[in-house]
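A.B. asks: Input file: coords_2.tsv. Contents: TSV, C-alpha atoms.
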chain	number	residue	atom	x	y	z
A	1	MET	CA	-15.66	36.19	-33.27
A	2	ASP	CA	-12.42	37.79	-32.11
A	3	PHE	CA	-11.24	37.46	-28.54
A	4	GLY	CA	-9.60	40.31	-26.67
A	5	ILE	CA	-6.24	40.14	-24.97
A	6	ILE	CA	-7.79	39.78	-21.49
A	7	PRO	CA	-9.85	36.65	-22.32
A	8	ILE	CA	-6.83	35.10	-24.03
A	9	ILE	CA	-4.63	35.72	-20.99
A	10	LEU	CA	-7.29	34.36	-18.65
A	11	VAL	CA	-7.69	31.21	-20.74
A	12	MET	CA	-3.90	30.73	-20.71
A	13	ILE	CA	-3.86	31.06	-16.92
A	14	VAL	CA	-6.68	28.53	-16.61
A	15	THR	CA	-4.83	26.20	-18.98
A	16	PHE	CA	-1.63	26.52	-16.94
A	17	ILE	CA	-3.46	25.63	-13.72
A	18	ALA	CA	-5.41	22.76	-15.32
A	19	ALA	CA	-2.21	21.27	-16.76
A	20	ILE	CA	-0.71	21.13	-13.28
A	21	ASP	CA	-3.96	19.88	-11.76
A	22	GLN	CA	-4.07	16.90	-14.12
A	23	PHE	CA	-0.92	15.38	-12.64
A	24	SER	CA	-0.29	17.18	-9.34
A	25	PHE	CA	-3.27	18.91	-7.70
A	26	LEU	CA	-5.84	16.28	-8.76
A	27	GLU	CA	-8.77	18.52	-7.85
A	28	SER	CA	-10.66	17.57	-11.06
A	29	LEU	CA	-10.32	21.10	-12.42
A	30	TYR	CA	-8.88	19.55	-15.58
A	31	GLN	CA	-12.02	17.51	-16.26
A	32	PRO	CA	-13.69	18.80	-19.46
A	33	ILE	CA	-17.09	19.33	-17.82
A	34	VAL	CA	-15.44	21.74	-15.36
A	35	LEU	CA	-12.71	23.24	-17.54
A	36	CYS	CA	-14.84	23.91	-20.62
A	37	THR	CA	-17.50	25.58	-18.50
A	38	ILE	CA	-14.89	27.94	-17.03
A	39	VAL	CA	-13.46	28.70	-20.48
A	40	GLY	CA	-16.97	29.26	-21.85
A	41	ALA	CA	-17.65	31.75	-19.05
A	42	ILE	CA	-14.42	33.59	-19.85
A	43	LEU	CA	-15.24	33.73	-23.57
A	44	GLY	CA	-18.80	34.91	-22.94
A	45	ASP	CA	-20.85	31.78	-23.64
A	46	ILE	CA	-21.06	29.55	-20.57
A	47	LYS	CA	-23.85	27.43	-22.11
A	48	ALA	CA	-21.69	26.46	-25.09
A	49	GLY	CA	-18.83	25.67	-22.71
A	50	MET	CA	-21.04	23.34	-20.66
A	51	VAL	CA	-22.36	21.55	-23.75
A	52	VAL	CA	-18.89	21.07	-25.23
A	53	GLY	CA	-17.55	20.02	-21.83
A	54	GLY	CA	-20.24	17.40	-21.41
A	55	THR	CA	-19.60	16.09	-24.93
A	56	TYR	CA	-15.85	15.92	-24.39
A	57	GLN	CA	-16.30	14.35	-20.96
A	58	LEU	CA	-18.11	11.40	-22.54
A	59	ILE	CA	-15.28	11.02	-25.05
A	60	SER	CA	-12.56	10.99	-22.42
A	61	ILE	CA	-14.39	9.11	-19.66
A	62	GLY	CA	-12.68	5.82	-20.48
A	63	SER	CA	-9.40	7.28	-21.68
A	64	MET	CA	-6.43	6.85	-19.37
A	65	PRO	CA	-2.64	6.68	-19.66
A	66	VAL	CA	-1.07	3.24	-19.58
A	67	GLY	CA	2.58	3.37	-18.56
A	68	GLY	CA	4.32	5.94	-20.72
A	69	ALA	CA	1.60	5.93	-23.37
A	70	GLN	CA	-0.50	9.10	-23.21
A	71	PRO	CA	-3.96	9.52	-24.77
A	72	PRO	CA	-4.89	12.74	-26.61
A	73	ASN	CA	-4.95	15.43	-23.96
A	74	VAL	CA	-8.40	16.34	-22.67
A	75	ILE	CA	-7.32	19.76	-21.41
A	76	ILE	CA	-6.17	21.24	-24.69
A	77	GLY	CA	-8.75	19.29	-26.68
A	78	GLY	CA	-11.59	20.54	-24.49
A	79	ILE	CA	-10.38	24.14	-24.47
A	80	MET	CA	-9.92	24.30	-28.23
A	81	ALA	CA	-13.27	22.60	-28.85
A	82	THR	CA	-14.86	25.32	-26.72
A	83	VAL	CA	-12.95	28.02	-28.59
A	84	PHE	CA	-14.09	26.67	-31.97
A	85	ALA	CA	-17.68	26.26	-30.83
A	86	ILE	CA	-17.89	29.84	-29.57
A	87	SER	CA	-15.74	31.62	-32.16
A	88	SER	CA	-17.36	29.96	-35.19
A	89	ASN	CA	-20.82	29.18	-33.78
A	90	MET	CA	-20.13	25.54	-34.47
A	91	ALA	CA	-22.00	22.45	-33.28
A	92	PRO	CA	-20.28	20.78	-30.28
A	93	ASP	CA	-19.62	17.48	-32.07
A	94	ALA	CA	-18.02	19.24	-35.04
A	95	ALA	CA	-15.96	21.45	-32.72
A	96	VAL	CA	-14.71	18.36	-30.89
A	97	GLY	CA	-13.65	16.85	-34.21
A	98	LEU	CA	-11.67	19.98	-35.14
A	99	ALA	CA	-10.00	20.02	-31.71
A	100	VAL	CA	-8.50	16.54	-32.03
A	101	PRO	CA	-5.20	17.75	-33.61
A	102	PHE	CA	-4.71	20.17	-30.70
A	103	ALA	CA	-5.42	17.34	-28.25
A	104	LEU	CA	-2.63	15.40	-29.96
A	105	PHE	CA	-0.29	18.37	-29.47
A	106	GLY	CA	-1.15	18.19	-25.79
A	107	GLN	CA	-0.28	14.50	-25.81
A	108	TYR	CA	3.10	15.32	-27.33
A	109	ALA	CA	3.65	18.06	-24.72
A	110	VAL	CA	3.07	15.57	-21.89
A	111	THR	CA	5.43	13.05	-23.44
A	112	LEU	CA	8.05	15.76	-23.98
A	113	THR	CA	7.76	16.90	-20.36
A	114	PHE	CA	8.16	13.34	-19.08
A	115	THR	CA	11.20	12.90	-21.33
A	116	LEU	CA	12.82	16.11	-20.15
A	117	MET	CA	12.17	15.27	-16.50
A	118	SER	CA	13.47	11.70	-16.65
A	119	PRO	CA	17.15	12.66	-16.15
A	120	MET	CA	16.13	14.96	-13.29
A	121	MET	CA	14.72	12.06	-11.27
A	122	ALA	CA	18.29	11.38	-10.17
A	123	LEU	CA	18.28	14.79	-8.50
A	124	ALA	CA	15.07	13.89	-6.66
A	125	ASP	CA	16.59	10.58	-5.54
A	126	LYS	CA	19.69	12.37	-4.30
A	127	ALA	CA	17.55	14.91	-2.43
A	128	ALA	CA	15.63	12.05	-0.79
A	129	GLU	CA	18.85	10.38	0.31
A	130	ASP	CA	20.05	13.66	1.80
A	131	ALA	CA	16.67	14.26	3.51
A	132	ASN	CA	16.30	17.45	1.50
A	133	PRO	CA	12.57	18.13	0.93
A	134	ALA	CA	13.37	21.45	-0.75
A	135	GLY	CA	15.29	19.62	-3.48
A	136	ILE	CA	12.35	17.30	-4.20
A	137	THR	CA	9.96	20.26	-4.21
A	138	ARG	CA	12.22	22.09	-6.66
A	139	VAL	CA	12.14	19.19	-9.13
A	140	ASN	CA	8.34	19.04	-8.93
A	141	ILE	CA	7.98	22.78	-9.43
A	142	ILE	CA	10.21	22.63	-12.51
A	143	SER	CA	8.12	19.83	-14.03
A	144	MET	CA	4.87	21.67	-13.33
A	145	ALA	CA	6.24	24.90	-14.80
A	146	ILE	CA	7.37	23.14	-17.99
A	147	LEU	CA	4.08	21.33	-18.52
A	148	GLY	CA	1.92	24.36	-17.71
A	149	SER	CA	3.96	26.61	-20.00
A	150	LEU	CA	3.79	24.16	-22.91
A	151	PHE	CA	0.04	23.81	-22.55
A	152	ALA	CA	-0.51	27.56	-22.28
A	153	PHE	CA	1.65	28.15	-25.38
A	154	ILE	CA	-0.27	25.57	-27.43
A	155	VAL	CA	-3.59	27.12	-26.42
A	156	LEU	CA	-2.26	30.59	-27.25
A	157	LEU	CA	-1.32	29.46	-30.75
A	158	GLY	CA	-4.67	27.72	-31.09
A	159	MET	CA	-6.64	30.79	-30.05
A	160	LEU	CA	-4.64	33.10	-32.30
A	161	SER	CA	-5.04	30.77	-35.25
A	162	GLY	CA	-8.68	30.37	-34.31
A	163	GLN	CA	-9.16	34.11	-34.70
A	164	VAL	CA	-7.42	34.03	-38.07
A	165	ILE	CA	-9.30	31.05	-39.46
A	166	GLY	CA	-12.60	31.65	-37.67
A	167	LYS	CA	-14.33	33.10	-40.74
A	168	GLN	CA	-12.81	30.42	-42.96
A	169	LEU	CA	-14.21	27.73	-40.69
A	170	ALA	CA	-17.63	29.35	-40.74
A	171	GLU	CA	-17.53	29.50	-44.55
A	172	ALA	CA	-16.30	25.93	-44.72
A	173	SER	CA	-19.35	24.82	-42.76
A	174	TYR	CA	-21.42	25.97	-45.75
A	175	ASN	CA	-19.08	25.29	-48.67
A	176	LEU	CA	-17.77	21.96	-47.38
A	177	SER	CA	-20.94	20.67	-45.78
A	178	TRP	CA	-19.86	17.05	-46.38
A	179	LEU	CA	-16.65	17.63	-44.40
A	180	MET	CA	-18.45	19.31	-41.50
A	181	ALA	CA	-21.02	16.51	-41.52
A	182	GLY	CA	-18.17	14.02	-41.28
A	183	LEU	CA	-16.64	15.89	-38.35
A	184	ASP	CA	-20.04	16.05	-36.69
A	185	VAL	CA	-20.50	12.28	-37.05
A	186	ALA	CA	-16.95	11.56	-35.90
A	187	GLY	CA	-17.36	13.77	-32.85
A	188	GLY	CA	-20.67	12.10	-32.05
A	189	MET	CA	-19.14	8.63	-32.32
A	190	MET	CA	-16.17	9.36	-30.09
A	191	LYS	CA	-18.26	9.87	-26.95
A	192	TYR	CA	-19.77	6.40	-27.40
A	193	VAL	CA	-16.31	4.94	-27.96
A	194	GLY	CA	-15.11	6.60	-24.74
A	195	PHE	CA	-18.05	5.21	-22.77
A	196	GLY	CA	-17.52	1.79	-24.36
A	197	ILE	CA	-13.88	1.77	-23.21
A	198	LEU	CA	-15.02	2.60	-19.67
A	199	MET	CA	-17.56	-0.23	-19.70
A	200	LYS	CA	-14.96	-2.69	-20.96
A	201	ILE	CA	-12.74	-1.83	-18.02
A	202	MET	CA	-15.35	-1.64	-15.27
A	203	LEU	CA	-18.22	-3.94	-16.24
A	204	SER	CA	-18.08	-7.44	-14.78
A	205	GLY	CA	-20.17	-10.40	-15.86
A	206	GLU	CA	-22.44	-10.26	-12.83
A	207	LEU	CA	-23.48	-6.66	-13.62
A	208	TRP	CA	-24.83	-7.25	-17.13
A	209	GLY	CA	-28.34	-7.72	-15.71
A	210	PHE	CA	-28.28	-4.24	-14.18
A	211	PHE	CA	-27.06	-2.81	-17.49
A	212	PHE	CA	-30.00	-4.27	-19.43
A	213	LEU	CA	-32.38	-3.27	-16.65
A	214	GLY	CA	-31.16	0.33	-16.88
A	215	PHE	CA	-31.52	0.29	-20.66
A	216	ALA	CA	-35.10	-0.96	-20.33
A	217	PHE	CA	-35.95	1.68	-17.71
A	218	ALA	CA	-34.45	4.41	-19.91
A	219	THR	CA	-36.52	3.30	-22.91
A	220	ILE	CA	-39.72	3.16	-20.87
A	221	VAL	CA	-39.22	6.53	-19.18
A	222	ASN	CA	-38.36	8.30	-22.43
A	223	MET	CA	-41.54	6.95	-24.06
A	224	VAL	CA	-43.69	8.77	-21.49
A	225	PRO	CA	-43.94	12.49	-22.43
A	226	GLY	CA	-44.52	13.58	-18.86
A	227	LEU	CA	-41.39	11.81	-17.62
A	228	SER	CA	-38.93	12.30	-20.50
A	229	GLY	CA	-37.84	15.75	-19.31
A	230	ALA	CA	-36.73	14.39	-15.94
A	231	ALA	CA	-35.54	11.03	-17.31
A	232	LEU	CA	-31.96	11.41	-16.10
A	233	LEU	CA	-33.04	12.28	-12.56
A	234	ILE	CA	-35.55	9.42	-12.45
A	235	LEU	CA	-33.00	6.88	-13.70
A	236	SER	CA	-30.43	8.17	-11.21
A	237	MET	CA	-32.89	7.66	-8.36
A	238	ILE	CA	-33.74	4.15	-9.55
A	239	GLY	CA	-30.06	3.27	-9.89
A	240	GLY	CA	-29.31	4.72	-6.46
A	241	ALA	CA	-32.15	2.73	-4.88
A	242	ILE	CA	-30.89	-0.51	-6.46
A	243	ALA	CA	-27.33	0.21	-5.34
A	244	ILE	CA	-28.43	0.92	-1.74
A	245	TYR	CA	-30.55	-2.25	-1.61
A	246	ASP	CA	-27.72	-4.37	-3.04
A	247	PHE	CA	-25.28	-2.91	-0.52
A	248	GLN	CA	-27.63	-3.60	2.41
A	249	GLN	CA	-28.23	-7.18	1.33
A	250	ASN	CA	-24.54	-7.89	0.85
A	251	THR	CA	-23.78	-6.37	4.25
A	252	LYS	CA	-26.38	-8.61	5.93
A	253	LEU	CA	-25.06	-11.71	4.18
A	254	ARG	CA	-21.50	-10.84	5.18
A	255	LYS	CA	-22.50	-10.45	8.84
A	256	LEU	CA	-24.42	-13.73	8.81
A	257	THR	CA	-21.43	-15.51	7.31
A	258	GLN	CA	-19.06	-14.05	9.88
A	259	ASN	CA	-21.32	-14.91	12.84
A	260	ALA	CA	-22.27	-18.38	11.65
A	261	THR	CA	-21.20	-21.31	13.89
A	262	PHE	CA	-20.80	-24.79	12.59
A	263	GLY	CA	-21.55	-28.06	14.43
A	264	GLY	CA	-24.39	-26.78	16.63
A	265	GLY	CA	-24.42	-26.75	20.44
A	266	GLU	CA	-26.41	-27.74	23.50
A	267	GLU	CA	-28.79	-24.76	23.30
A	268	ASP	CA	-30.27	-25.77	19.95
A	269	GLY	CA	-30.91	-29.35	21.12
A	270	ILE	CA	-28.39	-30.96	18.79
Using the file provided, produce a representation of the structure as structure tokens.

C.D. replies:
Amino acid sequence: MDFGIIPIILVMIVTFIAAIDQFSFLESLYQPIVLCTIVGAILGDIKAGMVVGGTYQLISIGSMPVGGAQPPNVIIGGIMATVFAISSNMAPDAAVGLAVPFALFGQYAVTLTFTLMSPMMALADKAAEDANPAGITRVNIISMAILGSLFAFIVLLGMLSGQVIGKQLAEASYNLSWLMAGLDVAGGMMKYVGFGILMKIMLSGELWGFFFLGFAFATIVNMVPGLSGAALLILSMIGGAIAIYDFQQNTKLRKLTQNATFGGGEEDGI
């Protein structure tokens, strides 16, 4: 499937905005579930974009930068996974596997931008000392322009190469079925790895009971044919009810602790 010049330009504009949003706007436009859906709509298959976005969101949910170390970039990875899925009619997991090299290019682009901007921090410090907001704004605009341009350029190359190798990828899915199966498995594993990283960061010892309770509820609900279709909604309602009850009980205990008096008094007969 070949993309016209208008869709390519629109995807580049979306990429430019998402690159800035990831570090500056922080409006969650860069999240794969949002970004891939937008790209899918531009390329004419919003359903594929949503499926790829959901898959990539699970992969990246526990991925975060630590200091100067940057993980593979979710923006470029998600966009290129969507491009591969739509252009080659590829399964989402396999498309995610093919998009990993482009996600690494995005990681390099972020690191390059940070490196280029490091010497310019002295200009921002000088502008702050001189009470010059325009100088600080200028430095930020330069950094956003560099990052957005790099991301848009990488996606442009990816989409152009995607058009060139689209038929080859489709043929490879038949001729190299073992390779595509490997990519499919790898892409399927990565979302569980991403969720596992998130659990390692967030899950405390006192919450393990709720985790096993949720797993048991999920198994039970999915075993009932009449409930399996709405399983996610049912589990969300159960989890929400437990969270509200736990919050109310903790609030009551906190108030009782704060209002408690020690030693008694004349009114209670002690």

A.B. asks: Pick from A:Leu150, A:Ala19, A:Val155, A:Ala127: nearest to Phe84 of chain A, with all atoms listed in the file counted?

C.D. replies: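 Comparing A:Leu150, A:Ala19, A:Val155, A:Ala127 against Phe84 of chain A, the winner is A:Val155.
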
A.B. asks: For Met120 of chain A, work out the shell of residues within 12 Å, counting only C-alpha atoms and skipping chain neighbours fewer than 2 positions away, then give it as a ChimeraX atom specification.

C.D. replies: /A:113-118,122-127,135-136,138-143

A.B. asks: I'd like to know which of A:Thr15, A:Asn250, A:Ser236, A:Thr55 is closest to Ala218 of chain A, using only C-alpha atoms.

C.D. replies: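 Under the stated criterion, the closest residue is A:Ser236.
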
A.B. asks: Which residue gives the smallest distance to Ala18 of chain A among A:Pro32, A:Gly49, A:Gly54, A:Gly4, with all atoms listed in the file counted?

C.D. replies: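 Residue with the minimum atom-to-atom distance to Ala18 of chain A: A:Pro32.
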
A.B. asks: Just how far from atom CA of Met237 of chain A is atom CA of Ala216 of chain A, in Å to one decimal?

C.D. replies: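 These atoms are spaced 14.9 Å apart.
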
A.B. asks: Give me, please, the distance in Å between atom CA of Ala41 of chain A and atom CA of Phe23 of chain A, quoted to one decimal.

C.D. replies: 24.3 Å

A.B. asks: I'd like the box whose edges run along x, y and z of the file and which contains every listed atom of segment 7-17 of chain A, padded by 8 Å per side; could you state its centre and edge lengths in Å, one decimal, as AutoDock Vina command-line options?

C.D. replies:
--center_x -5.7 --center_y 31.1 --center_z -18.9 --size_x 24.2 --size_y 27.0 --size_z 26.3

A.B. asks: Point out the residue among A:Met50, A:Ile6, A:Leu29, A:Ile79 with the least atom-to-atom distance to Gly106 of chain A, counting all atoms listed in the file.

C.D. replies: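 Comparing A:Met50, A:Ile6, A:Leu29, A:Ile79 against Gly106 of chain A, the winner is A:Ile79.
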
A.B. asks: Using all atoms listed in the file, find the one residue out of A:Gly97, A:Asp130, A:Thr251, A:Met144 that sits nearest to Phe25 of chain A.

C.D. replies: A:Met144

A.B. asks: So which residues touch Ile33 of chain A within 12 Å, counting all atoms listed in the file, skipping near sequence neighbours fewer than 5 positions away, as a list in words?

C.D. replies: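 Returned residues: Ser28, Ile38, Val39, Gly40, Ile46, Lys47, Ala48, Gly49, Met50, Val51, Val52, Gly53, Gly54, Thr55, Tyr56, Gln57, Leu58, Ile59, Ser60, Ile61, Val74, Ile75, Gly78, Ile79 and Thr82 of chain A.
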
A.B. asks: So what do you get for atom CA of Tyr108 of chain A versus atom CA of Ile76 of chain A, distance-wise?

C.D. replies: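 Computing it gives 11.3 Å between the two atoms.
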
A.B. asks: Nearest residue to Ser161 of chain A out of A:Phe16, A:Tyr30, A:Phe211, A:Phe102, using all atoms listed in the file?

C.D. replies: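 That would be A:Phe102, the residue with the smallest distance to Ser161 of chain A.
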
A.B. asks: Residues within 8 Å of Asn222 of chain A, please, as an MDAnalysis selection string. Count all atoms listed in the file; anything in the same chain fewer than 5 positions from it doesn't count.

C.D. replies: chainID A and resid 227:228 231

A.B. asks: Can you tell me, as a compact mmCIF listing (two decimals) with C-alpha atoms, keeping the file's coordinate frame, what residues are no more than 12 Å from Ile234 of chain A when counting all atoms listed in the file, ignoring any on the same chain fewer than 4 positions away?

C.D. replies:
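Writing done, so here's result13.txt:
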# COMPACT_ATOMS: atom_id res chain seq x y z
CA GLY A 214 -31.16 0.33 -16.88
CA PHE A 217 -35.95 1.68 -17.71
CA ALA A 218 -34.45 4.41 -19.91
CA ILE A 220 -39.72 3.16 -20.87
CA VAL A 221 -39.22 6.53 -19.18
CA ASN A 222 -38.36 8.30 -22.43
CA GLY A 226 -44.52 13.58 -18.86
CA LEU A 227 -41.39 11.81 -17.62
CA SER A 228 -38.93 12.30 -20.50
CA GLY A 229 -37.84 15.75 -19.31
CA ALA A 230 -36.73 14.39 -15.94
CA ILE A 238 -33.74 4.15 -9.55
CA GLY A 239 -30.06 3.27 -9.89
CA GLY A 240 -29.31 4.72 -6.46
CA ALA A 241 -32.15 2.73 -4.88

A.B. asks: Considering only C-alpha atoms, return as a list in words whatever protein or nucleic-acid residues lie within 9 Å of Val110 of chain A, sequence-local ones (same chain, fewer than 5 positions apart) excluded.

C.D. replies: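 Once the nearby chain positions are removed, what remains is Gln70, Asn73, Phe105, Thr115, Leu147, Leu150 and Phe151 of chain A.
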
A.B. asks: How would the residues just picked look written out with C-alpha atoms as an mmCIF file, keeping the file's coordinate frame?

C.D. replies:
data_model
loop_
_atom_site.group_PDB
_atom_site.id
_atom_site.type_symbol
_atom_site.label_atom_id
_atom_site.label_comp_id
_atom_site.auth_asym_id
_atom_site.auth_seq_id
_atom_site.Cartn_x
_atom_site.Cartn_y
_atom_site.Cartn_z
ATOM 1 C CA GLN A 70 -0.500 9.100 -23.210
ATOM 2 C CA ASN A 73 -4.950 15.430 -23.960
ATOM 3 C CA PHE A 105 -0.290 18.370 -29.470
ATOM 4 C CA THR A 115 11.200 12.900 -21.330
ATOM 5 C CA LEU A 147 4.080 21.330 -18.520
ATOM 6 C CA LEU A 150 3.790 24.160 -22.910
ATOM 7 C CA PHE A 151 0.040 23.810 -22.550
#

A.B. asks: Rebuild segment 83-102 of chain A to N, CA, C and O atoms - output it as a short mmCIF file (atom, residue, chain, number, x, y, z; two decimals), in the frame of the given file, please.

C.D. replies:
data_model
loop_
_atom_site.label_atom_id
_atom_site.label_comp_id
_atom_site.auth_asym_id
_atom_site.auth_seq_id
_atom_site.Cartn_x
_atom_site.Cartn_y
_atom_site.Cartn_z
N VAL A 83 -13.32 26.84 -27.80
CA VAL A 83 -12.95 28.02 -28.59
C VAL A 83 -13.59 27.96 -29.98
O VAL A 83 -14.17 28.94 -30.45
N PHE A 84 -13.50 26.80 -30.64
CA PHE A 84 -14.09 26.67 -31.97
C PHE A 84 -15.61 26.81 -31.93
O PHE A 84 -16.21 27.44 -32.80
N ALA A 85 -16.22 26.20 -30.92
CA ALA A 85 -17.68 26.26 -30.83
C ALA A 85 -18.17 27.68 -30.65
O ALA A 85 -19.19 28.08 -31.23
N ILE A 86 -17.45 28.47 -29.84
CA ILE A 86 -17.89 29.84 -29.57
C ILE A 86 -17.47 30.79 -30.68
O ILE A 86 -18.26 31.64 -31.12
N SER A 87 -16.24 30.67 -31.17
CA SER A 87 -15.74 31.62 -32.16
C SER A 87 -16.42 31.46 -33.52
O SER A 87 -16.61 32.42 -34.24
N SER A 88 -16.79 30.21 -33.86
CA SER A 88 -17.36 29.96 -35.19
C SER A 88 -18.82 29.52 -35.13
O SER A 88 -19.36 29.08 -36.14
N ASN A 89 -19.43 29.59 -33.93
CA ASN A 89 -20.82 29.18 -33.78
C ASN A 89 -21.04 27.78 -34.33
O ASN A 89 -21.95 27.53 -35.13
N MET A 90 -20.19 26.88 -33.91
CA MET A 90 -20.13 25.54 -34.47
C MET A 90 -20.82 24.55 -33.52
O MET A 90 -20.84 24.73 -32.31
N ALA A 91 -21.38 23.50 -34.09
CA ALA A 91 -22.00 22.45 -33.28
C ALA A 91 -20.93 21.77 -32.41
O ALA A 91 -19.79 21.61 -32.85
N PRO A 92 -21.28 21.37 -31.19
CA PRO A 92 -20.28 20.78 -30.28
C PRO A 92 -19.55 19.59 -30.86
O PRO A 92 -18.32 19.48 -30.73
N ASP A 93 -20.27 18.67 -31.52
CA ASP A 93 -19.62 17.48 -32.07
C ASP A 93 -18.60 17.84 -33.14
O ASP A 93 -17.50 17.27 -33.21
N ALA A 94 -18.95 18.80 -34.01
CA ALA A 94 -18.02 19.24 -35.04
C ALA A 94 -16.82 19.96 -34.42
O ALA A 94 -15.68 19.78 -34.87
N ALA A 95 -17.06 20.75 -33.39
CA ALA A 95 -15.96 21.45 -32.72
C ALA A 95 -15.00 20.46 -32.07
O ALA A 95 -13.78 20.65 -32.10
N VAL A 96 -15.55 19.40 -31.49
CA VAL A 96 -14.71 18.36 -30.89
C VAL A 96 -13.85 17.70 -31.96
O VAL A 96 -12.66 17.42 -31.75
N GLY A 97 -14.43 17.45 -33.13
CA GLY A 97 -13.65 16.85 -34.21
C GLY A 97 -12.50 17.73 -34.66
O GLY A 97 -11.40 17.25 -34.92
N LEU A 98 -12.74 19.05 -34.74
CA LEU A 98 -11.67 19.98 -35.14
C LEU A 98 -10.59 20.10 -34.07
O LEU A 98 -9.45 20.42 -34.38
N ALA A 99 -10.95 19.84 -32.81
CA ALA A 99 -10.00 20.02 -31.71
C ALA A 99 -9.06 18.84 -31.53
O ALA A 99 -8.09 18.94 -30.76
N VAL A 100 -9.32 17.73 -32.21
CA VAL A 100 -8.50 16.54 -32.03
C VAL A 100 -7.01 16.78 -32.31
O VAL A 100 -6.15 16.34 -31.53
N PRO A 101 -6.64 17.49 -33.40
CA PRO A 101 -5.20 17.75 -33.61
C PRO A 101 -4.55 18.51 -32.46
O PRO A 101 -3.40 18.23 -32.10
N PHE A 102 -5.27 19.44 -31.84
CA PHE A 102 -4.71 20.17 -30.70
C PHE A 102 -4.58 19.25 -29.49
O PHE A 102 -3.64 19.37 -28.71
#
